[in-house]
file model36.txt (compact mmCIF, C-alpha atoms and all ligand atoms)
# COMPACT_ATOMS: atom_id res chain seq x y z
CA MET A 1 136.77 134.37 277.28
CA LYS A 2 135.09 135.21 273.97
CA LYS A 3 136.78 137.26 271.30
CA ILE A 4 135.33 139.57 268.66
CA SER A 5 137.37 140.27 265.53
CA VAL A 6 136.62 143.56 263.79
CA ILE A 7 137.75 143.48 260.17
CA VAL A 8 138.09 146.83 258.41
CA SER A 9 139.06 147.13 254.77
CA CYS A 10 140.80 150.42 254.07
CA TYR A 11 141.62 152.11 250.82
CA ASN A 12 142.84 155.70 251.16
CA GLU A 13 141.21 156.18 254.54
CA GLU A 14 143.88 158.21 256.38
CA LYS A 15 141.26 160.77 257.41
CA ALA A 16 138.51 158.38 258.45
CA LEU A 17 140.61 155.76 260.26
CA PRO A 18 141.45 157.68 263.46
CA LEU A 19 137.77 158.65 263.78
CA PHE A 20 136.76 155.06 263.25
CA TYR A 21 139.17 153.77 265.86
CA GLU A 22 138.05 156.35 268.40
CA GLU A 23 134.36 155.61 267.89
CA MET A 24 134.91 151.86 267.97
CA GLU A 25 136.88 152.08 271.22
CA ARG A 26 134.17 154.26 272.72
CA ILE A 27 131.54 151.65 271.89
CA ARG A 28 133.71 148.83 273.14
CA LYS A 29 134.21 150.54 276.51
CA LYS A 30 130.57 151.54 276.75
CA ASP A 31 128.64 148.53 275.42
CA PHE A 32 130.98 145.65 276.14
CA ARG A 33 132.09 146.68 279.59
CA GLU A 34 130.46 144.15 281.88
CA GLU A 35 131.51 140.91 280.28
CA ALA A 36 135.02 139.82 279.63
CA ILE A 37 134.98 140.10 275.86
CA GLU A 38 138.27 140.44 274.10
CA PHE A 39 138.56 142.53 270.93
CA GLU A 40 140.89 142.41 267.97
CA TYR A 41 141.04 145.00 265.19
CA LEU A 42 142.21 143.80 261.84
CA PHE A 43 142.90 146.60 259.40
CA VAL A 44 143.45 145.46 255.85
CA ASN A 45 145.26 148.11 253.85
CA ASP A 46 144.15 147.55 250.28
CA GLY A 47 147.11 149.21 248.55
CA SER A 48 146.26 152.74 249.69
CA LYS A 49 148.07 155.60 248.01
CA ASP A 50 147.91 157.90 251.04
CA LYS A 51 149.22 157.49 254.59
CA THR A 52 146.67 154.85 255.62
CA LEU A 53 149.35 152.27 256.48
CA GLU A 54 151.24 154.74 258.66
CA VAL A 55 148.04 155.64 260.46
CA ILE A 56 147.38 151.96 261.12
CA LYS A 57 150.94 151.39 262.34
CA ASN A 58 150.56 154.30 264.72
CA LEU A 59 147.39 152.79 266.10
CA HIS A 60 149.25 149.52 266.52
CA GLN A 61 151.95 151.31 268.55
CA GLN A 62 149.29 152.65 270.92
CA ASP A 63 147.19 149.55 271.12
CA GLU A 64 148.22 145.97 270.66
CA LYS A 65 144.67 144.91 269.79
CA VAL A 66 145.37 146.51 266.43
CA LYS A 67 146.68 144.16 263.76
CA TYR A 68 147.18 144.83 260.11
CA ILE A 69 147.65 143.26 256.73
CA SER A 70 148.94 145.37 253.90
CA PHE A 71 148.55 144.40 250.25
CA SER A 72 151.15 144.94 247.55
CA ARG A 73 148.60 146.90 245.50
CA ASN A 74 144.87 147.63 245.37
CA PHE A 75 143.07 144.29 245.06
CA GLY A 76 139.54 145.54 245.83
CA LYS A 77 137.31 145.37 248.84
CA GLU A 78 136.30 141.75 248.25
CA SER A 79 139.92 140.63 248.48
CA ALA A 80 140.51 142.76 251.56
CA MET A 81 137.52 141.23 253.31
CA LEU A 82 138.73 137.74 252.45
CA ALA A 83 142.23 138.44 253.80
CA GLY A 84 140.66 139.73 257.01
CA LEU A 85 138.41 136.70 257.39
CA GLU A 86 141.37 134.38 256.86
CA ALA A 87 143.44 136.12 259.51
CA ALA A 88 140.69 136.63 262.10
CA THR A 89 141.07 134.60 265.27
CA GLY A 90 137.87 135.63 267.05
CA ASP A 91 134.83 133.55 268.00
CA TYR A 92 132.65 136.25 266.47
CA ILE A 93 133.73 138.16 263.42
CA THR A 94 132.43 141.43 262.05
CA LEU A 95 133.13 143.24 258.77
CA MET A 96 133.04 147.02 258.78
CA ASP A 97 133.84 149.99 256.57
CA ALA A 98 136.37 152.52 257.76
CA ASP A 99 134.12 155.51 257.10
CA LEU A 100 131.66 154.85 259.97
CA GLN A 101 128.84 154.22 257.51
CA ASP A 102 128.47 150.93 259.34
CA PRO A 103 127.58 152.24 262.80
CA PRO A 104 129.48 150.47 265.60
CA THR A 105 126.55 151.40 267.87
CA LEU A 106 124.65 148.45 266.35
CA LEU A 107 127.31 145.98 267.43
CA ARG A 108 125.86 145.25 270.85
CA GLU A 109 122.44 144.50 269.39
CA MET A 110 124.06 142.24 266.79
CA TYR A 111 126.09 140.45 269.43
CA ASP A 112 123.00 139.82 271.56
CA ALA A 113 121.12 138.46 268.56
CA ILE A 114 123.78 135.77 268.25
CA VAL A 115 124.59 135.06 271.88
CA VAL A 116 121.14 135.49 273.43
CA GLU A 117 118.70 134.83 270.57
CA GLY A 118 120.77 132.10 268.99
CA TYR A 119 121.19 133.38 265.44
CA ASP A 120 124.29 132.36 263.49
CA THR A 121 124.75 135.61 261.68
CA VAL A 122 123.35 139.14 261.82
CA GLY A 123 123.27 141.29 258.72
CA THR A 124 122.49 144.97 258.37
CA ARG A 125 120.28 146.63 255.81
CA ARG A 126 119.97 150.25 254.82
CA VAL A 127 116.34 151.20 254.51
CA SER A 128 117.11 154.55 252.93
CA ARG A 129 119.71 155.72 250.48
CA LYS A 130 119.86 159.25 251.79
CA GLY A 131 122.78 161.27 250.44
CA GLU A 132 123.28 159.05 247.42
CA PRO A 133 122.88 160.29 243.84
CA PRO A 134 119.28 159.39 242.75
CA ILE A 135 120.47 157.75 239.54
CA ARG A 136 122.68 155.42 241.58
CA SER A 137 119.77 154.43 243.85
CA LEU A 138 117.56 153.78 240.84
CA PHE A 139 120.09 151.44 239.25
CA ALA A 140 120.74 149.72 242.58
CA ARG A 141 117.01 148.96 242.97
CA LEU A 142 116.82 147.69 239.39
CA PHE A 143 119.82 145.46 239.99
CA TYR A 144 118.30 143.81 243.06
CA LYS A 145 114.98 143.24 241.25
CA MET A 146 116.81 141.64 238.36
CA ILE A 147 119.18 139.43 240.28
CA ASN A 148 116.45 138.14 242.58
CA HIS A 149 114.47 137.03 239.54
CA MET A 150 117.45 135.34 238.00
CA SER A 151 119.18 133.66 240.91
CA LYS A 152 118.00 131.09 243.42
CA ILE A 153 120.19 132.74 246.06
CA GLU A 154 118.35 135.60 247.73
CA MET A 155 120.04 139.00 247.63
CA VAL A 156 118.58 141.47 250.09
CA ASP A 157 118.12 145.01 248.74
CA GLY A 158 120.18 147.48 250.73
CA ALA A 159 122.17 144.76 252.51
CA ARG A 160 125.57 146.00 253.62
CA ASP A 161 128.71 144.00 254.04
CA TYR A 162 128.50 144.98 257.71
CA ARG A 163 127.64 141.81 259.60
CA LEU A 164 128.54 139.77 262.64
CA MET A 165 129.12 136.07 262.18
CA THR A 166 130.00 133.08 264.29
CA ARG A 167 133.24 131.22 263.68
CA GLN A 168 131.26 128.40 262.05
CA VAL A 169 129.77 130.75 259.42
CA VAL A 170 133.16 132.27 258.65
CA ASP A 171 134.75 128.86 258.24
CA SER A 172 132.00 127.95 255.77
CA ILE A 173 132.67 131.10 253.79
CA LEU A 174 136.37 130.33 253.71
CA GLU A 175 135.52 126.97 252.16
CA LEU A 176 134.34 128.83 249.06
CA LYS A 177 137.55 129.32 247.17
CA GLU A 178 136.28 131.04 244.05
CA TYR A 179 138.26 133.83 242.46
CA ASN A 180 135.33 136.01 241.42
CA ARG A 181 134.01 136.83 244.84
CA TYR A 182 130.67 138.49 245.30
CA SER A 183 130.31 138.49 249.08
CA LYS A 184 126.65 139.40 249.31
CA GLY A 185 125.94 136.23 247.36
CA LEU A 186 128.45 134.12 249.29
CA PHE A 187 126.90 135.06 252.65
CA SER A 188 123.49 134.05 251.33
CA TYR A 189 124.87 130.92 249.76
CA VAL A 190 126.25 129.44 252.99
CA GLY A 191 122.85 129.79 254.62
CA PHE A 192 122.48 129.62 258.43
CA GLN A 193 119.99 131.58 260.55
CA THR A 194 120.30 135.25 259.68
CA LYS A 195 118.76 138.17 261.49
CA TRP A 196 118.45 141.51 259.67
CA ILE A 197 118.85 144.80 261.44
CA GLU A 198 117.64 147.88 259.60
CA TYR A 199 118.97 151.39 259.81
CA GLU A 200 118.90 154.71 257.97
CA ASN A 201 121.81 155.47 255.69
CA ILE A 202 124.61 157.47 257.27
CA GLU A 203 126.99 159.57 255.20
CA ARG A 204 130.71 158.87 255.48
CA VAL A 205 132.63 160.83 258.13
CA ALA A 206 135.66 161.78 256.07
CA GLY A 207 137.31 161.08 252.74
CA GLU A 208 135.26 160.16 249.70
CA THR A 209 133.58 157.14 248.17
CA LYS A 210 135.73 154.83 246.08
CA TRP A 211 132.86 153.56 244.00
CA SER A 212 132.20 155.29 240.73
CA PHE A 213 129.07 154.48 238.77
CA TRP A 214 131.12 152.41 236.32
CA LYS A 215 132.82 150.44 239.11
CA LEU A 216 129.43 149.64 240.63
CA PHE A 217 128.07 148.61 237.25
CA ARG A 218 130.92 146.15 236.79
CA TYR A 219 130.33 144.86 240.34
CA ALA A 220 126.66 144.30 239.46
CA VAL A 221 127.58 142.28 236.35
CA GLU A 222 129.97 140.29 238.55
CA GLY A 223 127.13 139.54 240.96
CA ILE A 224 124.81 138.39 238.19
CA THR A 225 127.28 136.17 236.41
CA ALA A 226 128.60 134.66 239.64
CA PHE A 227 125.21 133.65 240.98
CA SER A 228 123.00 133.06 237.99
CA THR A 229 123.14 131.35 234.65
CA THR A 230 119.82 132.87 233.57
CA PRO A 231 121.47 135.29 231.10
CA LEU A 232 122.71 132.28 229.15
CA ILE A 233 119.16 130.99 228.83
CA LEU A 234 117.87 134.49 228.17
CA SER A 235 120.19 134.93 225.22
CA SER A 236 119.08 131.61 223.76
CA ILE A 237 115.42 132.59 224.12
CA ILE A 238 115.94 135.97 222.49
CA GLY A 239 117.92 134.22 219.78
CA ILE A 240 115.05 131.81 219.12
CA ILE A 241 112.43 134.59 219.06
CA PHE A 242 114.41 136.58 216.55
CA CYS A 243 115.01 133.52 214.39
CA LEU A 244 111.26 132.83 214.31
CA ALA A 245 110.57 136.45 213.44
CA ALA A 246 113.13 136.30 210.68
CA PHE A 247 111.55 133.09 209.37
CA ILE A 248 108.10 134.72 209.20
CA VAL A 249 109.51 137.73 207.41
CA ILE A 250 111.24 135.49 204.91
CA LEU A 251 107.98 133.60 204.22
CA PHE A 252 106.17 136.89 203.79
CA ILE A 253 108.76 138.15 201.33
CA ILE A 254 108.69 134.93 199.30
CA VAL A 255 104.89 134.96 199.09
CA LYS A 256 104.90 138.65 198.22
CA THR A 257 107.48 138.13 195.49
CA MET A 258 105.51 135.21 194.01
CA VAL A 259 102.25 137.15 193.96
CA PHE A 260 103.34 140.66 193.05
CA GLY A 261 106.82 140.15 191.67
CA ASP A 262 109.73 142.08 193.05
CA PRO A 263 112.01 143.93 190.61
CA THR A 264 114.85 145.39 192.74
CA SER A 265 113.21 146.35 195.96
CA GLY A 266 113.75 143.84 198.78
CA TRP A 267 116.74 145.71 200.00
CA PRO A 268 115.01 147.05 203.12
CA SER A 269 113.79 143.68 204.27
CA LEU A 270 117.15 142.10 203.62
CA ALA A 271 118.96 144.79 205.54
CA CYS A 272 116.51 144.45 208.42
CA ILE A 273 117.07 140.72 208.68
CA VAL A 274 120.83 141.03 208.55
CA VAL A 275 120.89 143.69 211.22
CA PHE A 276 118.45 141.89 213.50
CA VAL A 277 120.11 138.55 213.36
CA SER A 278 123.64 139.84 213.78
CA GLY A 279 122.45 141.92 216.72
CA VAL A 280 121.10 138.83 218.40
CA GLN A 281 124.29 136.98 217.73
CA LEU A 282 126.43 139.69 219.22
CA PHE A 283 124.21 139.86 222.27
CA SER A 284 124.48 136.14 222.85
CA ILE A 285 128.21 136.07 222.25
CA GLY A 286 128.63 138.88 224.75
CA ILE A 287 126.86 136.92 227.45
CA ILE A 288 128.74 133.75 226.70
CA GLY A 289 131.94 135.78 226.77
CA GLN A 290 131.15 136.98 230.29
CA TYR A 291 130.89 133.46 231.60
CA LEU A 292 133.88 132.31 229.62
CA SER A 293 136.02 135.08 231.07
CA LYS A 294 134.95 134.09 234.59
CA THR A 295 135.87 130.49 233.90
CA TYR A 296 139.17 131.62 232.50
CA LEU A 297 139.99 133.54 235.67
CA GLU A 298 138.92 130.65 237.92
CA VAL A 299 141.01 128.16 235.98
CA LYS A 300 144.15 130.25 236.36
CA LYS A 301 143.86 129.95 240.15
CA ARG A 302 145.63 133.21 240.76
CA PRO A 303 145.90 134.36 244.35
CA ILE A 304 143.07 136.67 245.39
CA TYR A 305 145.52 139.05 247.08
CA ILE A 306 149.24 139.46 247.71
CA ILE A 307 150.50 140.59 251.11
CA LYS A 308 153.43 142.93 251.35
CA GLU A 309 153.60 143.17 255.12
CA LYS A 310 151.51 142.13 258.10
CA ASN A 311 151.61 141.41 261.79
CA THR A 312 149.01 138.65 261.87
CA ASN A 313 149.32 134.91 261.53
CA GLN A 314 147.60 134.54 258.22
CA LYS A 315 146.36 131.03 257.76
CA ILE A 316 147.99 129.28 254.84
CA LYS A 317 145.55 129.44 251.95
CA ILE A 318 145.39 125.73 251.10
CA LYS A 319 145.25 123.73 254.26
CA GLU A 320 146.77 120.28 254.05
CA GLU A 321 145.29 118.23 256.83
N1 LIG A 401 137.60 149.79 250.00
C1 LIG A 401 138.65 148.89 249.85
N2 LIG A 401 139.18 148.70 248.59
C2 LIG A 401 138.69 149.35 247.48
C3 LIG A 401 137.60 150.24 247.65
C4 LIG A 401 137.08 150.44 248.91
O1 LIG A 401 139.10 148.29 250.82
O2 LIG A 401 139.23 149.14 246.39
C5 LIG A 401 137.04 150.02 251.35
C6 LIG A 401 136.97 151.47 251.78
O3 LIG A 401 138.17 151.91 252.36
C7 LIG A 401 135.82 151.49 252.78
C8 LIG A 401 134.90 150.39 252.23
O4 LIG A 401 135.70 149.60 251.36
O5 LIG A 401 136.24 151.11 254.08
C9 LIG A 401 133.70 150.96 251.51
O6 LIG A 401 134.10 151.88 250.53
P1 LIG A 401 133.32 153.22 250.26
O7 LIG A 401 132.94 153.87 251.55
O8 LIG A 401 134.15 154.03 249.32
O9 LIG A 401 132.02 152.69 249.53
P2 LIG A 401 130.51 153.22 249.70
O10 LIG A 401 130.24 153.24 251.18
O11 LIG A 401 130.50 154.56 249.10
O12 LIG A 401 129.70 152.21 248.97
MG MG A 402 131.27 154.19 252.55

call {"tool": "encode", "arguments": {"input": "model36.txt", "output": "structure tokens"}}
result
Amino acid sequence: MKKISVIVSCYNEEKALPLFYEEMERIRKKDFREEAIEFEYLFVNDGSKDKTLEVIKNLHQQDEKVKYISFSRNFGKESAMLAGLEAATGDYITLMDADLQDPPTLLREMYDAIVVEGYDTVGTRRVSRKGEPPIRSLFARLFYKMINHMSKIEMVDGARDYRLMTRQVVDSILELKEYNRYSKGLFSYVGFQTKWIEYENIERVAGETKWSFWKLFRYAVEGITAFSTTPLILSSIIGIIFCLAAFIVILFIIVKTMVFGDPTSGWPSLACIVVFVSGVQLFSIGIIGQYLSKTYLEVKKRPIYIIKEKNTNQKIKIKEE
């Protein structure tokens, strides 16, 4: 018998969770009726401040397919997804949001793509960003344009974290032990045959989004620095251009002074050069600092999450075989 693990990261989702569970069960009974396919729900409570954990425990009382992991504090969605992947025992594993923005109705189609068509993983892509602030969509588009120019790993615009993977793909992802996790990149990085399913954006059923513009901006910087070293080269190039420009200006000033003489003017040019060059230096240092801080965090080898309670058999992080 085959088993599907449904991993759901939850942060303050007390309102959305019961709706999610209901919808998911409906789909399971409707679309996965004929075959003997076992299901497991893995709710990862990412340090919610509301009654999310109680809601999950109630679901567990009703239904023993429901398992949970609860973090000691909010570690972020990336950490929650990792904890879920590590605990999942299924042959096929899917990652979903609790707010039903990742429609469970697609699950059957995704499952068939793997089992019948032979793909290793099925990803989903939003083709519209309906209901999202326009400024956010604009920056998201810009981000994907930029990162795809800079990184060899392809990032698909509009790709969600919602995907179904075979055990083999998940095991490959778990091999990547980095601290700064940018899942969209990691999924691309491991490769395998991926099918993309497209759908229109759906607004969340209850609760509100946890991503502010600033949080998304930081996530974008994370994505760029984790999967590309182009900014390092970029800063060097800009540095060189500005140095050349400064050199030309200096020559010009020297020649001008020799020909026309220069009593006390020269202040403007001097100030310009100082400002330009220090600007370039700051820019470059900032970029180097980004990479340095990443290295610093990796070197510390801190755990990616800390579990307070759970009812799963979490695999030990470092396997000794
Ligand atoms: N989430 C999480 N930890 C966080 C923030 C969000 O586990 O620190 C979960 C959240 O509960 C939801 C999913 O990640 O299931 C997506 O979050 P949200 O719907 O707020 O993001 P959006 O869909 O607006 O991008
Ligand atoms: Mg959402």

call {"tool": "residues_around", "arguments": {"input": "model36.txt", "residues": "range 113-119 of chain A", "least_positions_apart": "5", "cutoff": "9 Å", "atoms": "only C-alpha atoms", "output": "list in words"}}
result
Arg108, Leu164, Met165, Thr166, Phe192, Gln193, Thr194 and Lys195 of chain A

call {"tool": "residues_near_ligand", "arguments": {"input": "model36.txt", "ligand": "ligand MG 402 (chain A)", "cutoff": "10 Å", "atoms": "only C-alpha atoms and all ligand atoms", "output": "ChimeraX atom specification"}}
result
/A:96-102,202-211

call {"tool": "write_last_selection", "arguments": {"input": "model36.txt", "atoms": "C-alpha atoms", "output": "CSV table (one decimal), in the coordinates of the input"}}
result
chain,number,residue,atom,x,y,z
A,96,MET,CA,133.0,147.0,258.8
A,97,ASP,CA,133.8,150.0,256.6
A,98,ALA,CA,136.4,152.5,257.8
A,99,ASP,CA,134.1,155.5,257.1
A,100,LEU,CA,131.7,154.8,260.0
A,101,GLN,CA,128.8,154.2,257.5
A,102,ASP,CA,128.5,150.9,259.3
A,202,ILE,CA,124.6,157.5,257.3
A,203,GLU,CA,127.0,159.6,255.2
A,204,ARG,CA,130.7,158.9,255.5
A,205,VAL,CA,132.6,160.8,258.1
A,206,ALA,CA,135.7,161.8,256.1
A,207,GLY,CA,137.3,161.1,252.7
A,208,GLU,CA,135.3,160.2,249.7
A,209,THR,CA,133.6,157.1,248.2
A,210,LYS,CA,135.7,154.8,246.1
A,211,TRP,CA,132.9,153.6,244.0

call {"tool": "axis_aligned_box", "arguments": {"input": "model36.txt", "around": "ligand LIG 401 (chain A)", "padding_each_side": "3 Å", "output": "AutoDock Vina command-line options"}}
result
--center_x 134.5 --center_y 151.4 --center_z 250.2 --size_x 15.5 --size_y 12.3 --size_z 13.7

call {"tool": "atom_distance", "arguments": {"input": "model36.txt", "atom1": "CA of Met81 in chain A", "atom2": "CA of Ser228 in chain A"}}
result
22.6 Å

call {"tool": "closest_residue", "arguments": {"input": "model36.txt", "among": "A:Asp46, A:Asp120, A:Asp31, A:Glu222", "to": "ligand LIG 401 (chain A)", "atoms": "all atoms listed in the file"}}
result
A:Asp46

call {"tool": "residues_around", "arguments": {"input": "model36.txt", "residues": "Glu132 in chain A", "least_positions_apart": "2", "cutoff": "12 Å", "atoms": "all atoms listed in the file", "output": "list of chain:residue names"}}
result
A:Arg126, A:Ser128, A:Arg129, A:Lys130, A:Pro134, A:Ile135, A:Arg136, A:Ser137, A:Leu138, A:Phe139, A:Ala140, A:Asn201, A:Ile202, A:Glu203, A:Arg204, A:Thr209, A:Trp211, A:Ser212, A:Phe213

call {"tool": "closest_residue", "arguments": {"input": "model36.txt", "among": "A:Val127, A:Leu216, A:Ile37, A:Tyr92", "to": "ligand LIG 401 (chain A)", "atoms": "only C-alpha atoms and all ligand atoms"}}
result
A:Leu216

call {"tool": "closest_residue", "arguments": {"input": "model36.txt", "among": "A:Ile238, A:Tyr305, A:Val277, A:Leu186", "to": "ligand LIG 401 (chain A)", "atoms": "all atoms listed in the file"}}
result
A:Tyr305

call {"tool": "residues_around", "arguments": {"input": "model36.txt", "residues": "Met155 in chain A", "least_positions_apart": "3", "cutoff": "9 Å", "atoms": "all atoms listed in the file", "output": "PyMOL selection string"}}
result
chain A and resi 144+147-148+151+159+184-185+188

call {"tool": "closest_residue", "arguments": {"input": "model36.txt", "among": "A:Leu17, A:Leu174, A:Leu53, A:Ile250", "to": "ligand LIG 401 (chain A)", "atoms": "all atoms listed in the file"}}
result
A:Leu17

call {"tool": "closest_residue", "arguments": {"input": "model36.txt", "among": "A:Lys215, A:Tyr68, A:Met24, A:Gln62", "to": "ligand LIG 401 (chain A)", "atoms": "only C-alpha atoms and all ligand atoms"}}
result
A:Lys215

call {"tool": "closest_residue", "arguments": {"input": "model36.txt", "among": "A:Phe43, A:Lys67, A:Thr105, A:Gly279", "to": "Glu23 in chain A", "atoms": "only C-alpha atoms"}}
result
A:Thr105

call {"tool": "residues_around", "arguments": {"input": "model36.txt", "residues": "Thr225 in chain A", "least_positions_apart": "5", "cutoff": "12 Å", "atoms": "only C-alpha atoms", "output": "count of residues only"}}
result
23

call {"tool": "atom_distance", "arguments": {"input": "model36.txt", "atom1": "CA of Glu35 in chain A", "atom2": "CA of Phe20 in chain A"}}
result
22.8 Å

call {"tool": "residues_near_point", "arguments": {"input": "model36.txt", "point": "(113.5, 137.3, 209.7)", "cutoff": "12 Å", "atoms": "all atoms listed in the file", "output": "NGL selection string"}}
result
:A and (239-254 or 268-278 or 280)

call {"tool": "atom_distance", "arguments": {"input": "model36.txt", "atom1": "CA of Lys301 in chain A", "atom2": "CA of Ile153 in chain A"}}
result
24.6 Å

call {"tool": "residues_near_point", "arguments": {"input": "model36.txt", "point": "(140.9, 145.5, 261.7)", "cutoff": "9 Å", "atoms": "only C-alpha atoms", "output": "PDB file with C-alpha atoms, keeping the file's coordinate frame"}}
result
ATOM      1  CA  SER A   5     137.370 140.270 265.530  1.00  0.00           C
ATOM      2  CA  VAL A   6     136.620 143.560 263.790  1.00  0.00           C
ATOM      3  CA  ILE A   7     137.750 143.480 260.170  1.00  0.00           C
ATOM      4  CA  VAL A   8     138.090 146.830 258.410  1.00  0.00           C
ATOM      5  CA  SER A   9     139.060 147.130 254.770  1.00  0.00           C
ATOM      6  CA  GLU A  40     140.890 142.410 267.970  1.00  0.00           C
ATOM      7  CA  TYR A  41     141.040 145.000 265.190  1.00  0.00           C
ATOM      8  CA  LEU A  42     142.210 143.800 261.840  1.00  0.00           C
ATOM      9  CA  PHE A  43     142.900 146.600 259.400  1.00  0.00           C
ATOM     10  CA  VAL A  44     143.450 145.460 255.850  1.00  0.00           C
ATOM     11  CA  LYS A  65     144.670 144.910 269.790  1.00  0.00           C
ATOM     12  CA  VAL A  66     145.370 146.510 266.430  1.00  0.00           C
ATOM     13  CA  LYS A  67     146.680 144.160 263.760  1.00  0.00           C
ATOM     14  CA  TYR A  68     147.180 144.830 260.110  1.00  0.00           C
ATOM     15  CA  ILE A  69     147.650 143.260 256.730  1.00  0.00           C
ATOM     16  CA  GLY A  84     140.660 139.730 257.010  1.00  0.00           C
ATOM     17  CA  ALA A  88     140.690 136.630 262.100  1.00  0.00           C
ATOM     18  CA  LEU A  95     133.130 143.240 258.770  1.00  0.00           C
ATOM     19  CA  MET A  96     133.040 147.020 258.780  1.00  0.00           C
TER      20      MET A  96
END

call {"tool": "build_atoms", "arguments": {"input": "model36.txt", "residues": "range 228-240 of chain A", "atoms": "N, CA, C and O atoms", "output": "PDB file, in the frame of the given file"}}
result
ATOM      1  N   SER A 228     124.132 133.411 238.814  1.00  0.00           N
ATOM      2  CA  SER A 228     123.000 133.060 237.990  1.00  0.00           C
ATOM      3  C   SER A 228     123.477 132.685 236.597  1.00  0.00           C
ATOM      4  O   SER A 228     124.406 133.270 236.064  1.00  0.00           O
ATOM      5  N   THR A 229     122.826 131.674 236.030  1.00  0.00           N
ATOM      6  CA  THR A 229     123.140 131.350 234.650  1.00  0.00           C
ATOM      7  C   THR A 229     121.966 131.728 233.754  1.00  0.00           C
ATOM      8  O   THR A 229     121.944 131.397 232.576  1.00  0.00           O
ATOM      9  N   THR A 230     120.997 132.459 234.334  1.00  0.00           N
ATOM     10  CA  THR A 230     119.820 132.870 233.570  1.00  0.00           C
ATOM     11  C   THR A 230     120.177 133.641 232.297  1.00  0.00           C
ATOM     12  O   THR A 230     119.566 133.404 231.262  1.00  0.00           O
ATOM     13  N   PRO A 231     121.161 134.568 232.337  1.00  0.00           N
ATOM     14  CA  PRO A 231     121.470 135.290 231.100  1.00  0.00           C
ATOM     15  C   PRO A 231     121.801 134.379 229.929  1.00  0.00           C
ATOM     16  O   PRO A 231     121.475 134.690 228.782  1.00  0.00           O
ATOM     17  N   LEU A 232     122.402 133.221 230.225  1.00  0.00           N
ATOM     18  CA  LEU A 232     122.710 132.280 229.150  1.00  0.00           C
ATOM     19  C   LEU A 232     121.424 131.790 228.491  1.00  0.00           C
ATOM     20  O   LEU A 232     121.316 131.694 227.271  1.00  0.00           O
ATOM     21  N   ILE A 233     120.433 131.475 229.332  1.00  0.00           N
ATOM     22  CA  ILE A 233     119.160 130.990 228.830  1.00  0.00           C
ATOM     23  C   ILE A 233     118.439 132.125 228.110  1.00  0.00           C
ATOM     24  O   ILE A 233     117.888 131.953 227.025  1.00  0.00           O
ATOM     25  N   LEU A 234     118.507 133.305 228.733  1.00  0.00           N
ATOM     26  CA  LEU A 234     117.870 134.490 228.170  1.00  0.00           C
ATOM     27  C   LEU A 234     118.354 134.731 226.736  1.00  0.00           C
ATOM     28  O   LEU A 234     117.572 134.963 225.820  1.00  0.00           O
ATOM     29  N   SER A 235     119.659 134.648 226.546  1.00  0.00           N
ATOM     30  CA  SER A 235     120.190 134.930 225.220  1.00  0.00           C
ATOM     31  C   SER A 235     119.706 133.884 224.224  1.00  0.00           C
ATOM     32  O   SER A 235     119.401 134.200 223.080  1.00  0.00           O
ATOM     33  N   SER A 236     119.589 132.644 224.670  1.00  0.00           N
ATOM     34  CA  SER A 236     119.080 131.610 223.760  1.00  0.00           C
ATOM     35  C   SER A 236     117.632 131.909 223.389  1.00  0.00           C
ATOM     36  O   SER A 236     117.228 131.788 222.227  1.00  0.00           O
ATOM     37  N   ILE A 237     116.836 132.320 224.390  1.00  0.00           N
ATOM     38  CA  ILE A 237     115.420 132.590 224.120  1.00  0.00           C
ATOM     39  C   ILE A 237     115.273 133.748 223.142  1.00  0.00           C
ATOM     40  O   ILE A 237     114.542 133.652 222.151  1.00  0.00           O
ATOM     41  N   ILE A 238     116.015 134.827 223.408  1.00  0.00           N
ATOM     42  CA  ILE A 238     115.940 135.970 222.490  1.00  0.00           C
ATOM     43  C   ILE A 238     116.379 135.533 221.099  1.00  0.00           C
ATOM     44  O   ILE A 238     115.754 135.875 220.095  1.00  0.00           O
ATOM     45  N   GLY A 239     117.423 134.746 221.061  1.00  0.00           N
ATOM     46  CA  GLY A 239     117.920 134.220 219.780  1.00  0.00           C
ATOM     47  C   GLY A 239     116.814 133.490 219.029  1.00  0.00           C
ATOM     48  O   GLY A 239     116.579 133.726 217.848  1.00  0.00           O
ATOM     49  N   ILE A 240     116.102 132.607 219.746  1.00  0.00           N
ATOM     50  CA  ILE A 240     115.050 131.810 219.120  1.00  0.00           C
ATOM     51  C   ILE A 240     113.918 132.713 218.616  1.00  0.00           C
ATOM     52  O   ILE A 240     113.445 132.565 217.485  1.00  0.00           O
TER      53      ILE A 240
END
